[in-house]
Amino acid sequence: MYASTLEKKISKFVRQFGIKRAYCRSQFMYHGNTIDFSILTDPEDRPYINFLNNKYNTDIEPWFFIFCILHEVGHYITVPSLSKEQLMYEYEMRMFRTLSSEDYFSLPAEDLANKWAINYIMNHSQECWDFQNKCYKIMRHIYKKKSFHY
Ligand SMILES: [Zn+2]
């Protein structure tokens, strides 16, 4: 029940950017005009946070949940600016992924989505902070009741 409350809240938030709906799943992902978000931690989170802090000279950790949502929104916003050749390159790199984490995080589409998300947070920090706290409140109920299934 709380998971669907969170889905509704996050869906409402991302609708302002043109995303139709957000689904609570096992990882963050972008699928055209919907996104998936996750309330689980991932072993890749730590290297990803370190990468972001170093590459974009930021401290993303306090913002990490909202950042991950906005990163997927960032794909939706920035994918149209990629050329056909760039999209093919992205596709090949992802399909035949022998990439290290660092190489994956540095793919052009990832870089664009990261920059878009960080920029949005910097320009709307209060909105992002309040929204993330509201999400955390719901997440605490979910963890308490363990009312999520994957
Ligand atoms: Zn991405």
# chains A, B, ... in the order shown; residues from 1 in each chain; ligands from 1
>>> residues_around(residues="Lys55 (chain A)", least_positions_apart="5", cutoff="12 Å", atoms="only C-alpha atoms", output="PyMOL selection string")
chain A and resi 47-50+60+102+105-106+111+114-115+118
>>> write_last_selection(atoms="N, CA and C atoms", output="mmCIF file, in the first residue's frame")
data_model
loop_
_atom_site.group_PDB
_atom_site.id
_atom_site.type_symbol
_atom_site.label_atom_id
_atom_site.label_comp_id
_atom_site.auth_asym_id
_atom_site.auth_seq_id
_atom_site.Cartn_x
_atom_site.Cartn_y
_atom_site.Cartn_z
ATOM 1 N N PRO A 47 30.429 3.081 -5.690
ATOM 2 C CA PRO A 47 31.310 3.563 -6.767
ATOM 3 C C PRO A 47 30.657 4.663 -7.606
ATOM 4 N N TYR A 48 29.344 4.598 -7.774
ATOM 5 C CA TYR A 48 28.645 5.610 -8.577
ATOM 6 C C TYR A 48 28.694 6.971 -7.888
ATOM 7 N N ILE A 49 28.424 6.982 -6.570
ATOM 8 C CA ILE A 49 28.484 8.248 -5.822
ATOM 9 C C ILE A 49 29.894 8.836 -5.897
ATOM 10 N N ASN A 50 30.907 7.990 -5.724
ATOM 11 C CA ASN A 50 32.290 8.474 -5.796
ATOM 12 C C ASN A 50 32.605 9.034 -7.180
ATOM 13 N N ILE A 60 27.038 14.528 -3.957
ATOM 14 C CA ILE A 60 25.700 14.080 -4.349
ATOM 15 C C ILE A 60 25.056 13.175 -3.296
ATOM 16 N N GLU A 102 33.163 2.415 -14.347
ATOM 17 C CA GLU A 102 33.612 3.772 -14.690
ATOM 18 C C GLU A 102 33.300 4.087 -16.160
ATOM 19 N N PHE A 105 29.492 4.534 -16.573
ATOM 20 C CA PHE A 105 29.032 5.822 -16.048
ATOM 21 C C PHE A 105 29.428 6.971 -16.976
ATOM 22 N N SER A 106 30.481 6.757 -17.784
ATOM 23 C CA SER A 106 30.982 7.827 -18.655
ATOM 24 C C SER A 106 30.378 7.822 -20.049
ATOM 25 N N ASP A 111 26.407 10.647 -19.239
ATOM 26 C CA ASP A 111 26.969 11.950 -18.895
ATOM 27 C C ASP A 111 25.906 13.052 -19.027
ATOM 28 N N ASN A 114 23.394 12.687 -16.187
ATOM 29 C CA ASN A 114 24.002 13.121 -14.918
ATOM 30 C C ASN A 114 24.020 14.641 -14.822
ATOM 31 N N LYS A 115 24.477 15.274 -15.911
ATOM 32 C CA LYS A 115 24.590 16.740 -15.901
ATOM 33 C C LYS A 115 23.220 17.382 -15.747
ATOM 34 N N ILE A 118 22.039 16.900 -12.033
ATOM 35 C CA ILE A 118 22.789 17.725 -11.077
ATOM 36 C C ILE A 118 22.392 19.193 -11.228
#
>>> closest_atom_pairs(of="region 15-89 of chain A", to="region 126-132 of chain A", cutoff="10 Å", atoms="only C-alpha atoms", output="JSON lines")
{"residue": "A:Pro62", "atom": "CA", "partner": "A:Trp129", "partner_atom": "CA", "distance": 9.0}
{"residue": "A:Trp63", "atom": "CA", "partner": "A:Trp129", "partner_atom": "CA", "distance": 7.5}
{"residue": "A:Phe64", "atom": "CA", "partner": "A:Gln132", "partner_atom": "CA", "distance": 9.3}
{"residue": "A:Phe65", "atom": "CA", "partner": "A:Gln132", "partner_atom": "CA", "distance": 7.1}
{"residue": "A:Ile66", "atom": "CA", "partner": "A:Gln132", "partner_atom": "CA", "distance": 5.9}
{"residue": "A:Phe67", "atom": "CA", "partner": "A:Cys128", "partner_atom": "CA", "distance": 8.9}
{"residue": "A:Leu70", "atom": "CA", "partner": "A:Cys128", "partner_atom": "CA", "distance": 9.7}
>>> residues_near_ligand(ligand="ligand 1", cutoff="12 Å", atoms="only C-alpha atoms and all ligand atoms", output="ChimeraX atom specification")
/A:27-31,35-37,48,67-79,90,94,101,104-117
>>> select_by_dssp(residues="chain A", states="alpha helix (DSSP H)", output="JSON, numbers by chain")
{"A": [2, 3, 4, 5, 6, 7, 8, 9, 10, 11, 12, 13, 14, 15, 45, 46, 47, 48, 49, 50, 51, 52, 53, 54, 55, 64, 65, 66, 67, 68, 69, 70, 71, 72, 73, 74, 75, 76, 77, 78, 84, 85, 86, 87, 88, 89, 90, 91, 92, 93, 94, 95, 101, 102, 103, 104, 105, 108, 109, 110, 111, 112, 113, 114, 115, 116, 117, 118, 119, 120, 121, 122, 123, 125, 126, 127, 128, 129, 130, 131, 132, 133, 134, 135, 136, 137, 138, 139, 140, 141, 142, 143, 144, 145]}
>>> closest_residue(among="A:Phe13, A:Ile138, A:Ala22, A:Asn119", to="Tyr56 (chain A)", atoms="only C-alpha atoms")
A:Asn119
>>> select_by_dssp(residues="chain A", states="strand (DSSP E or B)", output="list in words")
Arg21, Ala22, Tyr23, Cys24, Met29, Tyr30, His31, Thr34, Ile35, Asp36 and Phe37 of chain A
>>> write_last_selection(atoms="C-alpha atoms", output="CSV table (one decimal), in the first residue's frame")
chain,number,residue,atom,x,y,z
A,21,ARG,CA,4.4,7.2,-14.7
A,22,ALA,CA,7.0,5.9,-12.3
A,23,TYR,CA,7.0,2.3,-11.1
A,24,CYS,CA,8.6,0.9,-7.9
A,29,MET,CA,15.6,2.6,-15.3
A,30,TYR,CA,14.3,4.7,-18.1
A,31,HIS,CA,11.8,3.3,-20.7
A,34,THR,CA,8.0,5.9,-18.0
A,35,ILE,CA,10.7,5.3,-15.4
A,36,ASP,CA,11.4,2.7,-12.7
A,37,PHE,CA,12.7,3.7,-9.3
>>> atom_distance(atom1="CA of Arg25 (chain A)", atom2="CA of Tyr91 (chain A)")
22.6 Å
>>> closest_residue(among="A:Ser83, A:Ser38, A:Thr5, A:Asn53", to="His141 (chain A)", atoms="only C-alpha atoms")
A:Thr5
>>> closest_residue(among="A:Ile19, A:Leu52, A:Ala3, A:Leu87", to="Ile39 (chain A)", atoms="only C-alpha atoms")
A:Ala3
>>> decode(residues="region 11-90 of chain A", atoms="C-alpha atoms", output="mmCIF file, in the first residue's frame")
data_model
loop_
_atom_site.group_PDB
_atom_site.id
_atom_site.type_symbol
_atom_site.label_atom_id
_atom_site.label_comp_id
_atom_site.auth_asym_id
_atom_site.auth_seq_id
_atom_site.Cartn_x
_atom_site.Cartn_y
_atom_site.Cartn_z
ATOM 1 C CA SER A 11 4.667 9.797 -10.707
ATOM 2 C CA LYS A 12 3.169 13.178 -9.864
ATOM 3 C CA PHE A 13 6.635 14.704 -9.464
ATOM 4 C CA VAL A 14 7.977 13.400 -12.796
ATOM 5 C CA ARG A 15 4.818 14.318 -14.710
ATOM 6 C CA GLN A 16 5.993 17.947 -14.798
ATOM 7 C CA PHE A 17 8.810 16.767 -17.098
ATOM 8 C CA GLY A 18 6.551 14.771 -19.431
ATOM 9 C CA ILE A 19 7.057 11.316 -17.878
ATOM 10 C CA LYS A 20 3.781 9.382 -17.770
ATOM 11 C CA ARG A 21 4.379 7.200 -14.731
ATOM 12 C CA ALA A 22 6.984 5.948 -12.270
ATOM 13 C CA TYR A 23 7.016 2.324 -11.116
ATOM 14 C CA CYS A 24 8.555 0.932 -7.933
ATOM 15 C CA ARG A 25 10.860 -1.882 -9.124
ATOM 16 C CA SER A 26 14.204 -3.426 -8.263
ATOM 17 C CA GLN A 27 16.361 -0.803 -10.005
ATOM 18 C CA PHE A 28 16.308 2.660 -11.544
ATOM 19 C CA MET A 29 15.601 2.598 -15.255
ATOM 20 C CA TYR A 30 14.297 4.664 -18.120
ATOM 21 C CA HIS A 31 11.818 3.265 -20.675
ATOM 22 C CA GLY A 32 10.747 5.999 -23.071
ATOM 23 C CA ASN A 33 8.033 7.877 -21.230
ATOM 24 C CA THR A 34 7.987 5.864 -18.016
ATOM 25 C CA ILE A 35 10.675 5.305 -15.405
ATOM 26 C CA ASP A 36 11.367 2.713 -12.729
ATOM 27 C CA PHE A 37 12.713 3.659 -9.336
ATOM 28 C CA SER A 38 14.011 1.499 -6.528
ATOM 29 C CA ILE A 39 13.998 1.812 -2.753
ATOM 30 C CA LEU A 40 16.715 -0.827 -2.441
ATOM 31 C CA THR A 41 20.396 -0.069 -2.206
ATOM 32 C CA ASP A 42 22.660 -1.409 -4.933
ATOM 33 C CA PRO A 43 26.308 -2.507 -4.578
ATOM 34 C CA GLU A 44 27.055 -0.099 -7.449
ATOM 35 C CA ASP A 45 25.757 2.889 -5.454
ATOM 36 C CA ARG A 46 29.047 3.546 -3.670
ATOM 37 C CA PRO A 47 31.310 3.563 -6.767
ATOM 38 C CA TYR A 48 28.645 5.610 -8.577
ATOM 39 C CA ILE A 49 28.484 8.248 -5.822
ATOM 40 C CA ASN A 50 32.290 8.474 -5.796
ATOM 41 C CA PHE A 51 32.366 8.777 -9.566
ATOM 42 C CA LEU A 52 29.760 11.566 -9.573
ATOM 43 C CA ASN A 53 31.495 13.501 -6.803
ATOM 44 C CA ASN A 54 34.829 13.366 -8.617
ATOM 45 C CA LYS A 55 33.643 13.921 -12.149
ATOM 46 C CA TYR A 56 31.179 16.754 -11.480
ATOM 47 C CA ASN A 57 32.932 18.202 -8.435
ATOM 48 C CA THR A 58 29.859 17.828 -6.254
ATOM 49 C CA ASP A 59 28.616 16.103 -3.087
ATOM 50 C CA ILE A 60 25.700 14.080 -4.349
ATOM 51 C CA GLU A 61 25.312 11.684 -1.436
ATOM 52 C CA PRO A 62 22.658 13.673 0.510
ATOM 53 C CA TRP A 63 20.703 13.943 -2.753
ATOM 54 C CA PHE A 64 21.273 10.463 -4.053
ATOM 55 C CA PHE A 65 17.681 9.187 -4.122
ATOM 56 C CA ILE A 66 16.260 12.242 -5.871
ATOM 57 C CA PHE A 67 19.347 12.327 -8.089
ATOM 58 C CA CYS A 68 18.642 8.765 -9.282
ATOM 59 C CA ILE A 69 15.056 9.713 -10.170
ATOM 60 C CA LEU A 70 16.189 12.877 -11.951
ATOM 61 C CA HIS A 71 18.914 10.949 -13.775
ATOM 62 C CA GLU A 72 16.195 8.811 -15.421
ATOM 63 C CA VAL A 73 14.199 11.970 -16.187
ATOM 64 C CA GLY A 74 17.436 13.373 -17.599
ATOM 65 C CA HIS A 75 17.565 10.494 -20.098
ATOM 66 C CA TYR A 76 14.038 11.304 -21.220
ATOM 67 C CA ILE A 77 14.958 14.973 -21.694
ATOM 68 C CA THR A 78 18.392 14.527 -23.301
ATOM 69 C CA VAL A 79 18.082 11.371 -25.460
ATOM 70 C CA PRO A 80 16.523 13.375 -28.339
ATOM 71 C CA SER A 81 19.691 15.492 -28.488
ATOM 72 C CA LEU A 82 21.834 12.432 -29.304
ATOM 73 C CA SER A 83 22.640 11.732 -32.943
ATOM 74 C CA LYS A 84 21.787 8.406 -34.600
ATOM 75 C CA GLU A 85 25.470 7.446 -34.520
ATOM 76 C CA GLN A 86 25.711 8.226 -30.818
ATOM 77 C CA LEU A 87 22.593 6.162 -30.101
ATOM 78 C CA MET A 88 24.026 3.218 -32.062
ATOM 79 C CA TYR A 89 27.265 3.523 -30.132
ATOM 80 C CA GLU A 90 25.357 3.581 -26.838
#
